[in-house]
Amino acid sequence: MSRKRVAVLISGRGSNMAALIDAAKDKTFPAEIVLVLSNRPDAGGLATASATGIATEVVEHTQYGKDRAAFEAALQAALVKHRIEIVCLAGFMRLLTAGFVDRWPERMINIHPALLPAFKGLDTHQRALDAGAKVHGATVHFVVPEMDAGPIIMQGVVAVSPDDNEQTLGQRVLAVEHRIYPQALKMLAEGRVRVIDGRCLIDGVPVSDAGTTAPPD
Ligand code: GAR
């Protein structure tokens, strides 16, 4: 089976992008990263991607003002040009409208630094600490028009320590992100993920029974 052609969309340093690129270096990995696309020309991840010989494109949202449809049309054009089959959002900090999202049904995934549906949005680590959460983590999910929603493919958990601050907790969650995002992409690219009634089944069984939840650190 041919490897799925993947685009990674970033806005910043791209450490999750780098984890995906690393995993996909293995020729037996069922997906190849063929494009890194950023909405910011200064995103650090662009240089990392270029250094590994991966094509990069910048679609600067500021050039489109309030015209989201035109911005998203430019994103779509880049994805079509590179014959992309799966889109991975990796710290891509623009909200995408239904007009775009609906073009990628069950083919666009995101990583979020919290155990969804808890702590959608920003500042997830500080909010987990403020809430006194005992466990925290990261989630890979399908993208739907609603922000940080969509069927959950995989989650990884970290225990919250009383000594944690935003940085220490964030570092441990990031390490989990780097582990679960390639695993989730692998399963998706292998065609093992199905959505039934808004929930993901892996190999036809519910996620929690499929051993896909990464163990606590
Ligand atoms: C990651 O922690 C990712 O989960 C988060 O941004 C960071 C990007 O880091 N994404 C979101 O908050 C999206 N809601 P990276 O550029 O080093 O991968």
# chains A, B, ... in the order shown; residues from 1 in each chain; ligands from 1
$ closest_atom_pairs --of "segment 93-121 of chain A" --to "segment 146-155 of chain A" --cutoff "10 Å" --atoms "only C-alpha atoms" --output "JSON lines"
{"residue": "A:Leu95", "atom": "CA", "partner": "A:Met147", "partner_atom": "CA", "distance": 7.2}
{"residue": "A:Leu96", "atom": "CA", "partner": "A:Met147", "partner_atom": "CA", "distance": 8.4}
{"residue": "A:Thr97", "atom": "CA", "partner": "A:Glu146", "partner_atom": "CA", "distance": 8.6}
{"residue": "A:Ala98", "atom": "CA", "partner": "A:Glu146", "partner_atom": "CA", "distance": 8.4}
{"residue": "A:Val101", "atom": "CA", "partner": "A:Glu146", "partner_atom": "CA", "distance": 9.7}
{"residue": "A:Glu106", "atom": "CA", "partner": "A:Pro151", "partner_atom": "CA", "distance": 9.2}
{"residue": "A:Ile109", "atom": "CA", "partner": "A:Ile153", "partner_atom": "CA", "distance": 8.8}
{"residue": "A:Asn110", "atom": "CA", "partner": "A:Asp148", "partner_atom": "CA", "distance": 8.2}
{"residue": "A:Ile111", "atom": "CA", "partner": "A:Asp148", "partner_atom": "CA", "distance": 8.9}
{"residue": "A:His112", "atom": "CA", "partner": "A:Asp148", "partner_atom": "CA", "distance": 7.2}
{"residue": "A:Pro113", "atom": "CA", "partner": "A:Gln155", "partner_atom": "CA", "distance": 9.8}
{"residue": "A:Ala114", "atom": "CA", "partner": "A:Gln155", "partner_atom": "CA", "distance": 8.8}
{"residue": "A:Leu115", "atom": "CA", "partner": "A:Gln155", "partner_atom": "CA", "distance": 6.8}
{"residue": "A:Leu116", "atom": "CA", "partner": "A:Asp148", "partner_atom": "CA", "distance": 7.5}
{"residue": "A:Pro117", "atom": "CA", "partner": "A:Ala149", "partner_atom": "CA", "distance": 7.1}
{"residue": "A:Ala118", "atom": "CA", "partner": "A:Asp148", "partner_atom": "CA", "distance": 9.7}
{"residue": "A:Phe119", "atom": "CA", "partner": "A:Asp148", "partner_atom": "CA", "distance": 9.0}
{"residue": "A:Lys120", "atom": "CA", "partner": "A:Asp148", "partner_atom": "CA", "distance": 5.7}
{"residue": "A:Gly121", "atom": "CA", "partner": "A:Asp148", "partner_atom": "CA", "distance": 7.0}
$ residues_around --residues "Asn165 of chain A" --least-positions-apart "6" --cutoff "9 Å" --atoms "only C-alpha atoms" --output "PyMOL selection string"
chain A and resi 125-126+129
$ closest_residue --among "A:Leu122, A:Cys200, A:Met1, A:Ala7" --to "Lys27 of chain A" --atoms "only C-alpha atoms"
A:Met1
$ residues_around --residues "segment 43-50 of chain A" --least-positions-apart "5" --cutoff "8 Å" --atoms "only C-alpha atoms" --output "PyMOL selection string"
chain A and resi 10-15+17-18+36-38+55-56
$ write_last_selection --atoms "N, CA and C atoms" --output "short mmCIF file (atom, residue, chain, number, x, y, z; two decimals), in the first residue's frame"
data_model
loop_
_atom_site.label_atom_id
_atom_site.label_comp_id
_atom_site.auth_asym_id
_atom_site.auth_seq_id
_atom_site.Cartn_x
_atom_site.Cartn_y
_atom_site.Cartn_z
N ILE A 10 1.45 24.37 10.77
CA ILE A 10 2.06 24.89 11.98
C ILE A 10 1.91 26.42 12.04
N SER A 11 2.15 26.94 13.26
CA SER A 11 2.24 28.40 13.42
C SER A 11 3.49 28.81 14.18
N GLY A 12 4.22 27.82 14.73
CA GLY A 12 5.32 28.18 15.62
C GLY A 12 6.52 27.27 15.50
N ARG A 13 7.01 26.81 16.68
CA ARG A 13 8.32 26.12 16.69
C ARG A 13 8.27 24.76 16.01
N GLY A 14 7.11 24.10 16.03
CA GLY A 14 6.98 22.86 15.26
C GLY A 14 7.63 21.64 15.88
N SER A 15 7.58 21.52 17.21
CA SER A 15 8.18 20.32 17.80
C SER A 15 7.33 19.07 17.51
N MET A 17 5.51 18.76 14.79
CA MET A 17 5.84 18.53 13.38
C MET A 17 7.12 17.70 13.27
N ALA A 18 8.13 18.09 14.06
CA ALA A 18 9.42 17.38 14.02
C ALA A 18 9.23 15.92 14.45
N VAL A 36 4.99 21.08 4.74
CA VAL A 36 4.77 21.82 6.00
C VAL A 36 4.28 23.20 5.60
N LEU A 37 3.12 23.54 6.14
CA LEU A 37 2.46 24.79 5.74
C LEU A 37 2.27 25.65 6.99
N SER A 38 2.67 26.90 6.90
CA SER A 38 2.54 27.80 8.05
C SER A 38 1.73 29.02 7.68
N ALA A 55 9.06 20.08 1.52
CA ALA A 55 8.53 21.32 0.92
C ALA A 55 7.82 22.15 1.99
N THR A 56 7.99 23.45 1.92
CA THR A 56 7.28 24.33 2.85
C THR A 56 6.52 25.38 2.05
#
$ atom_distance --atom1 "atom CA of Ala74 of chain A" --atom2 "atom CA of Gly53 of chain A"
22.6 Å
$ closest_residue --among "A:Ala189, A:Ala128, A:Val140, A:Val59" --to "Glu166 of chain A" --atoms "only C-alpha atoms"
A:Ala128
$ select_by_dssp --residues "segment 53-204 of chain A" --states "alpha helix (DSSP H)" --output "ChimeraX atom specification"
/A:68-81,98-101,124-130,166-189
